[in-house]
Amino acid sequence: MPPWPRTASSNSPPINNPHIDLPAMPVLNEKDIQEALEKWTDHILAAAAQASSLGLVGLISHGDVLAQRLIRALELKGMHAQYGAIDITLYRDDLDLRAARPALRSSYLPFSTDGMHLILVDDVIQSGRTARAAMETIFEYGRPQRVELHCLVDRGHRELPIQPDYVAFRLENATGDVNVRLKELDRQDAVHY
Amino acid sequence: MKPRKDLLTIESLSDEEIHTILESAVAMKEIFTKSVKKVPALKGKSVLTLFYEPSTRTRSSFEVAAHRLSADVTTFTLSTSSVVKGESVHDTIDTLMSMKMDYIVVRHKNSGIPAVIARHCNASVINAGDGAHAHPSQAFLDAFTIREKYGEVDGKRVVIIGDILHSRVARSTSVILRRLGAQVAYMGPGSLVPPMAHTGIPQLKDWDEIFTWKPDVIYLLRVQNERIESPFFPVADYHQAYGVTEERLRRIDAQDISIMHPGPVNRGVELCDAAMDYRNCLVCNQVENGIAARMSILYHLTPATLS
C-alpha cells in the first residue's frame, strides 16, 4: 500500500513518537512551520528551476509528510515533482545497538532515480547517520544525477562529514530531545524541545 | 518488538510479535522489486542451515532470505556431515558454537531438537520443522499470503485437507490463522484428523461439506510418503476422496475459492494438473512470500552473540 495519501487516522497509534503526550516546550508553532514551508518551497523553486526531473524523497516517518506538503506547495506554483518515501531502517549502522526492532515500513519509490535531481527530506538532522543511510538506500534504486539533503531542523551534534543543503531552523547544539510533530501523524504542527 | 532470541513455535509469540513480523514482511517483499535486491541489515552476520532431514525449498528459501539481508550462509548437509559418522547433537552444537554462528536454522525429524539447541547456544535458533510438532516460518508465509490476497486474515475461512495428525504445517498454520481471527476447519482420512475435542477445530466430513461451509481458502497438505512406512491407501483413491479433481476444481472456481499447498505438490494426488494453473492457485505466491517472511523473521530475532 503506497503511503500516499496518508492521514493521521490511517496509522494509529502514531509511531516513532513516544513523547506525544509529554508536556514539552514548543519552540515552533503551526504558524512558524507554515511560514518555513513557504520559504522552503520558494528555495526549491529557485534552486531547482533548471532540473528536468525533480523528485522529493521523504524519510519515513516525518520526512515523508514534509515531502508531501512541499510537493503540494510546489504544484500550486506550477512546478511538478515526483513523490517518494523511504524507510532507511535496514541501512542503519546501529541496528545491533538498538534493543527494539519496530515493524518496517514500506518504501514507496515508484520511479527509477536514474538521472534525476533528488531532494531527500527529513524532519531533524543530528548525527548525519540517517542521511548516510538514506543516501545508500537511494542509490539502490538507480543513479541520480544529483542528490540534495533538506531538513526542517538542524540540531547540531554531527558525527559524520554530512551537511544539509537547506535547513529551515537551526537549534545549535541542542541538548535533550527535539521532537517534530506534524498534523498528519501527531494531530498538531509543532516543534518541541 | 522486544528482543527475542529464538523462533521455535507460533504459540510462544505474542500477538504484537506476530503482527510485527507480518508487517515487516510486506516491506521485505518490496526489496525484490528494486534493481538491487539486497539490503545491508545483517551484513557480517553468519547464518547456518542445519537440516537433519531432506528439504529443498525451505532450506533454499532461508538461504535466499539470508543472502538478501547480506548475511553469510553456511550449509550443513546431512549426507556429508559428521552426523553420519555418529556425532551427537550436543557435540554438533559445540562445534557450531566454536564457529561463532549468529543464526542457526534447524530441521530435525524429532520434535523438540531445535528447542534443545536453542537452550544450549547463544545463536538465534529458528525451527524450520521438527517432527510433527511445528513449522513456524511456514505459518508466517501462509498468513502473509492470505493477507496479501484478501487484505486481512481476520474473518477468513480456511479448510486444511489431508493427514493433519502427522503435519507440523497444519499445526503451526492453523494456530497462526486462528490467532489472526480466521476460522479453520479440517478434512481428511478419519484416523488422521484429530477430534475437535482436542483441537477446538471442527472436522468436515467430505468435499460436499466443504462447499457448504463456504471457505475462502482450501489448503491441501502434501501426502508424506516418506514419513509413512506402508501407504494407508492407493494414490488414485486418495485423489478421488481428498484431492482437488477437475470436477471439484470447477466448483472451486464457481465459488471463487483460493488453493494453497506447502509444496512440493504431488500432481495427481493432492491437486490435478489443471489446479496448478487455476487463477486462484496461490502456490507460487507462497514460495515468493516465503522468502519475504523468512527475511522478516531473521531481521526480528536478536542473537545473544551480539551482547
# chains A, B, ... in the order shown; residues from 1 in each chain; ligands from 1
$ closest_atom_pairs --of "chain A" --to "chain B" --cutoff "6 Å" --atoms "only C-alpha atoms" --output "CSV"
residue,atom,partner,partner_atom,distance
A:Leu90,CA,B:Ala41,CA,4.7
A:Tyr91,CA,B:Pro40,CA,5.8
A:Ala100,CA,B:Lys2,CA,5.0
A:Arg101,CA,B:Met1,CA,5.3
A:Pro102,CA,B:Met1,CA,5.3
A:Ala103,CA,B:Thr20,CA,4.9
A:Leu104,CA,B:Ser24,CA,4.6
A:Arg105,CA,B:Ala27,CA,5.8
A:Ser106,CA,B:Ala27,CA,4.4
A:Glu140,CA,B:Val36,CA,5.3
A:Tyr141,CA,B:Lys34,CA,6.0
$ write_last_selection --atoms "N, CA and C atoms" --output "short mmCIF file (atom, residue, chain, number, x, y, z; two decimals), in the first residue's frame"
data_model
loop_
_atom_site.label_atom_id
_atom_site.label_comp_id
_atom_site.auth_asym_id
_atom_site.auth_seq_id
_atom_site.Cartn_x
_atom_site.Cartn_y
_atom_site.Cartn_z
N LEU A 90 16.79 -0.60 7.41
CA LEU A 90 17.67 -1.73 7.09
C LEU A 90 19.08 -1.28 6.71
N TYR A 91 19.27 0.03 6.55
CA TYR A 91 20.59 0.56 6.17
C TYR A 91 21.29 1.24 7.33
N ALA A 100 15.10 -2.65 20.56
CA ALA A 100 13.79 -2.95 19.97
C ALA A 100 13.85 -2.78 18.46
N ARG A 101 13.18 -3.66 17.75
CA ARG A 101 13.10 -3.52 16.30
C ARG A 101 11.65 -3.38 15.89
N PRO A 102 11.18 -2.17 15.72
CA PRO A 102 9.77 -1.99 15.32
C PRO A 102 9.54 -2.50 13.90
N ALA A 103 8.28 -2.70 13.56
CA ALA A 103 7.95 -3.18 12.22
C ALA A 103 8.50 -2.22 11.18
N LEU A 104 8.97 -2.78 10.08
CA LEU A 104 9.47 -1.95 8.99
C LEU A 104 8.30 -1.33 8.26
N ARG A 105 8.56 -0.19 7.63
CA ARG A 105 7.53 0.43 6.81
C ARG A 105 7.92 0.25 5.36
N SER A 106 6.91 0.22 4.49
CA SER A 106 7.18 0.02 3.08
C SER A 106 7.71 1.29 2.45
N GLU A 140 20.29 2.40 -4.44
CA GLU A 140 19.86 1.06 -4.85
C GLU A 140 18.66 1.12 -5.77
N TYR A 141 18.15 2.31 -6.00
CA TYR A 141 17.03 2.46 -6.94
C TYR A 141 17.49 3.08 -8.26
#
$ atom_distance --atom1 "CA of Ala115 (chain B)" --atom2 "CA of Gly44 (chain B)"
25.4 Å
$ select_by_dssp --residues "region 28-108 of chain A" --states "strand (DSSP E or B)" --output "number ranges by chain"
A: 28, 54-59, 82-86, 108
$ write_last_selection --atoms "N, CA and C atoms" --output "PDB file, in the first residue's frame"
ATOM      1  N   LEU A  28       8.552  26.017  18.216  1.00  0.00           N
ATOM      2  CA  LEU A  28       7.985  26.476  16.948  1.00  0.00           C
ATOM      3  C   LEU A  28       6.528  26.042  16.915  1.00  0.00           C
ATOM      4  N   LEU A  54      12.528  16.433 -11.206  1.00  0.00           N
ATOM      5  CA  LEU A  54      12.767  16.651  -9.785  1.00  0.00           C
ATOM      6  C   LEU A  54      11.985  15.620  -8.980  1.00  0.00           C
ATOM      7  N   GLY A  55      12.631  15.063  -7.958  1.00  0.00           N
ATOM      8  CA  GLY A  55      11.932  14.135  -7.068  1.00  0.00           C
ATOM      9  C   GLY A  55      12.184  14.499  -5.620  1.00  0.00           C
ATOM     10  N   LEU A  56      11.128  14.489  -4.815  1.00  0.00           N
ATOM     11  CA  LEU A  56      11.282  14.718  -3.384  1.00  0.00           C
ATOM     12  C   LEU A  56      11.080  13.395  -2.666  1.00  0.00           C
ATOM     13  N   VAL A  57      12.101  12.975  -1.942  1.00  0.00           N
ATOM     14  CA  VAL A  57      12.027  11.685  -1.270  1.00  0.00           C
ATOM     15  C   VAL A  57      12.070  11.914   0.233  1.00  0.00           C
ATOM     16  N   GLY A  58      10.962  11.609   0.896  1.00  0.00           N
ATOM     17  CA  GLY A  58      10.868  11.826   2.332  1.00  0.00           C
ATOM     18  C   GLY A  58      11.348  10.616   3.100  1.00  0.00           C
ATOM     19  N   LEU A  59      11.952  10.882   4.253  1.00  0.00           N
ATOM     20  CA  LEU A  59      12.417   9.779   5.099  1.00  0.00           C
ATOM     21  C   LEU A  59      11.316   9.462   6.112  1.00  0.00           C
ATOM     22  N   GLN A  82       8.159  14.584  -8.435  1.00  0.00           N
ATOM     23  CA  GLN A  82       7.702  13.235  -8.099  1.00  0.00           C
ATOM     24  C   GLN A  82       7.834  13.006  -6.593  1.00  0.00           C
ATOM     25  N   TYR A  83       6.967  12.113  -6.079  1.00  0.00           N
ATOM     26  CA  TYR A  83       6.995  11.844  -4.646  1.00  0.00           C
ATOM     27  C   TYR A  83       7.519  10.440  -4.356  1.00  0.00           C
ATOM     28  N   GLY A  84       8.414  10.364  -3.382  1.00  0.00           N
ATOM     29  CA  GLY A  84       8.863   9.061  -2.912  1.00  0.00           C
ATOM     30  C   GLY A  84       9.021   9.089  -1.403  1.00  0.00           C
ATOM     31  N   ALA A  85       8.996   7.906  -0.790  1.00  0.00           N
ATOM     32  CA  ALA A  85       9.212   7.817   0.657  1.00  0.00           C
ATOM     33  C   ALA A  85      10.049   6.570   0.899  1.00  0.00           C
ATOM     34  N   ILE A  86      11.046   6.683   1.760  1.00  0.00           N
ATOM     35  CA  ILE A  86      11.881   5.506   2.031  1.00  0.00           C
ATOM     36  C   ILE A  86      12.008   5.259   3.528  1.00  0.00           C
ATOM     37  N   TYR A 108       8.330   3.633  -0.783  1.00  0.00           N
ATOM     38  CA  TYR A 108       7.459   3.880  -1.932  1.00  0.00           C
ATOM     39  C   TYR A 108       8.233   4.766  -2.894  1.00  0.00           C
TER      40      TYR A 108
END
$ closest_residue --among "A:Glu184, A:Asp123, A:Asp64, A:Asp96" --to "Phe169 (chain A)" --atoms "only C-alpha atoms"
A:Asp123
$ select_by_dssp --residues "region 18-185 of chain A" --states "helix (DSSP H, G or I)" --output "PyMOL selection string"
chain A and resi 30-47+63-76+89-91+95-97+129-141+183-185
$ write_last_selection --atoms "C-alpha atoms" --output "PDB file, in the first residue's frame"
ATOM      1  CA  GLU A  30       1.949  25.846  13.474  1.00  0.00           C
ATOM      2  CA  LYS A  31       2.378  29.323  12.018  1.00  0.00           C
ATOM      3  CA  ASP A  32       6.202  29.111  12.173  1.00  0.00           C
ATOM      4  CA  ILE A  33       6.182  25.779  10.366  1.00  0.00           C
ATOM      5  CA  GLN A  34       3.697  27.078   7.786  1.00  0.00           C
ATOM      6  CA  GLU A  35       5.926  30.080   7.009  1.00  0.00           C
ATOM      7  CA  ALA A  36       9.028  27.925   6.941  1.00  0.00           C
ATOM      8  CA  LEU A  37       7.436  25.607   4.360  1.00  0.00           C
ATOM      9  CA  GLU A  38       6.594  28.618   2.168  1.00  0.00           C
ATOM     10  CA  LYS A  39      10.211  29.843   2.219  1.00  0.00           C
ATOM     11  CA  TRP A  40      11.401  26.289   1.678  1.00  0.00           C
ATOM     12  CA  THR A  41       9.127  25.940  -1.372  1.00  0.00           C
ATOM     13  CA  ASP A  42      10.470  29.185  -2.825  1.00  0.00           C
ATOM     14  CA  HIS A  43      14.026  27.984  -2.273  1.00  0.00           C
ATOM     15  CA  ILE A  44      13.343  24.746  -4.166  1.00  0.00           C
ATOM     16  CA  LEU A  45      11.620  26.703  -6.971  1.00  0.00           C
ATOM     17  CA  ALA A  46      14.623  28.961  -7.390  1.00  0.00           C
ATOM     18  CA  ALA A  47      17.323  26.338  -6.956  1.00  0.00           C
ATOM     19  CA  GLY A  63      10.196  13.458   6.335  1.00  0.00           C
ATOM     20  CA  ASP A  64       7.653  11.827   4.023  1.00  0.00           C
ATOM     21  CA  VAL A  65       4.900  14.059   5.395  1.00  0.00           C
ATOM     22  CA  LEU A  66       7.044  17.164   4.865  1.00  0.00           C
ATOM     23  CA  ALA A  67       7.846  15.990   1.319  1.00  0.00           C
ATOM     24  CA  GLN A  68       4.130  15.604   0.559  1.00  0.00           C
ATOM     25  CA  ARG A  69       3.410  19.126   1.801  1.00  0.00           C
ATOM     26  CA  LEU A  70       6.285  20.580  -0.221  1.00  0.00           C
ATOM     27  CA  ILE A  71       5.122  18.787  -3.377  1.00  0.00           C
ATOM     28  CA  ARG A  72       1.596  20.177  -2.944  1.00  0.00           C
ATOM     29  CA  ALA A  73       3.012  23.691  -2.433  1.00  0.00           C
ATOM     30  CA  LEU A  74       5.278  23.356  -5.487  1.00  0.00           C
ATOM     31  CA  GLU A  75       2.332  22.091  -7.540  1.00  0.00           C
ATOM     32  CA  LEU A  76       0.381  25.288  -6.686  1.00  0.00           C
ATOM     33  CA  THR A  89      15.963   1.177   8.897  1.00  0.00           C
ATOM     34  CA  LEU A  90      17.672  -1.727   7.087  1.00  0.00           C
ATOM     35  CA  TYR A  91      20.587   0.557   6.170  1.00  0.00           C
ATOM     36  CA  LEU A  95      20.955  -1.919  14.162  1.00  0.00           C
ATOM     37  CA  ASP A  96      22.924  -4.053  16.617  1.00  0.00           C
ATOM     38  CA  LEU A  97      22.823  -1.302  19.244  1.00  0.00           C
ATOM     39  CA  ARG A 129      23.863   8.818  10.223  1.00  0.00           C
ATOM     40  CA  THR A 130      20.276   8.755   8.974  1.00  0.00           C
ATOM     41  CA  ALA A 131      21.306  10.872   5.993  1.00  0.00           C
ATOM     42  CA  ARG A 132      24.181   8.487   5.253  1.00  0.00           C
ATOM     43  CA  ALA A 133      21.805   5.517   5.364  1.00  0.00           C
ATOM     44  CA  ALA A 134      19.323   7.401   3.150  1.00  0.00           C
ATOM     45  CA  MET A 135      21.995   8.014   0.520  1.00  0.00           C
ATOM     46  CA  GLU A 136      22.923   4.359   0.497  1.00  0.00           C
ATOM     47  CA  THR A 137      19.247   3.416   0.156  1.00  0.00           C
ATOM     48  CA  ILE A 138      18.585   5.804  -2.692  1.00  0.00           C
ATOM     49  CA  PHE A 139      21.436   4.515  -4.814  1.00  0.00           C
ATOM     50  CA  GLU A 140      19.863   1.064  -4.848  1.00  0.00           C
ATOM     51  CA  TYR A 141      17.030   2.461  -6.935  1.00  0.00           C
ATOM     52  CA  LYS A 183      -0.744  17.074  11.968  1.00  0.00           C
ATOM     53  CA  GLU A 184      -0.908  14.066   9.661  1.00  0.00           C
ATOM     54  CA  LEU A 185       0.763  11.870  12.284  1.00  0.00           C
TER      55      LEU A 185
END
$ atom_distance --atom1 "CA of Ala190 (chain A)" --atom2 "CA of Ser61 (chain A)"
15.4 Å
$ residues_around --residues "Leu177 (chain B)" --least-positions-apart "6" --cutoff "10 Å" --atoms "only C-alpha atoms" --output "ChimeraX atom specification"
/B:139-140,142-144,146,153-158,183-184
$ write_last_selection --atoms "N, CA and C atoms" --output "compact mmCIF listing (two decimals), in the first residue's frame"
# COMPACT_ATOMS: atom_id res chain seq x y z
N ALA B 139 4.07 -21.11 8.72
CA ALA B 139 2.85 -20.46 9.20
C ALA B 139 2.85 -18.98 8.83
N PHE B 140 4.01 -18.33 9.00
CA PHE B 140 4.09 -16.91 8.66
C PHE B 140 3.87 -16.67 7.18
N ASP B 142 2.21 -18.52 5.10
CA ASP B 142 0.81 -18.80 4.77
C ASP B 142 -0.08 -17.63 5.17
N ALA B 143 0.13 -17.13 6.39
CA ALA B 143 -0.68 -15.99 6.87
C ALA B 143 -0.43 -14.77 5.99
N PHE B 144 0.84 -14.57 5.62
CA PHE B 144 1.20 -13.43 4.78
C PHE B 144 0.53 -13.54 3.40
N ILE B 146 -2.27 -15.16 2.61
CA ILE B 146 -3.72 -14.92 2.72
C ILE B 146 -3.99 -13.43 2.92
N VAL B 153 -6.53 -11.34 7.37
CA VAL B 153 -6.78 -12.75 7.67
C VAL B 153 -8.07 -12.87 8.49
N ASP B 154 -8.33 -11.84 9.27
CA ASP B 154 -9.48 -11.82 10.17
C ASP B 154 -10.78 -12.13 9.41
N GLY B 155 -11.53 -13.10 9.91
CA GLY B 155 -12.83 -13.42 9.31
C GLY B 155 -12.77 -14.37 8.13
N LYS B 156 -11.56 -14.71 7.65
CA LYS B 156 -11.47 -15.63 6.52
C LYS B 156 -11.69 -17.06 6.99
N ARG B 157 -12.20 -17.91 6.08
CA ARG B 157 -12.46 -19.31 6.41
C ARG B 157 -11.49 -20.19 5.62
N VAL B 158 -10.74 -21.00 6.33
CA VAL B 158 -9.71 -21.82 5.70
C VAL B 158 -9.93 -23.28 6.08
N GLN B 183 -11.23 -18.48 10.66
CA GLN B 183 -11.87 -19.72 11.10
C GLN B 183 -11.22 -20.87 10.34
N VAL B 184 -10.84 -21.91 11.06
CA VAL B 184 -10.15 -23.03 10.44
C VAL B 184 -10.98 -24.29 10.62
$ atom_distance --atom1 "CA of Glu148 (chain B)" --atom2 "CA of Pro215 (chain B)"
16.9 Å
$ residues_around --residues "His133 (chain B)" --least-positions-apart "2" --cutoff "12 Å" --atoms "only C-alpha atoms" --output "PyMOL selection string"
chain B and resi 8-11+107-115+127-131+135-136+164-173+175
$ residues_around --residues "region 276-284 of chain B" --least-positions-apart "5" --cutoff "7 Å" --atoms "only C-alpha atoms" --output "list in words"
Ile257, Ser258, Ile259, Met260 and His261 of chain B
$ residues_around --residues "Thr245 (chain B)" --least-positions-apart "5" --cutoff "12 Å" --atoms "only C-alpha atoms" --output "ChimeraX atom specification"
/B:207,236-240,250-252,267-276
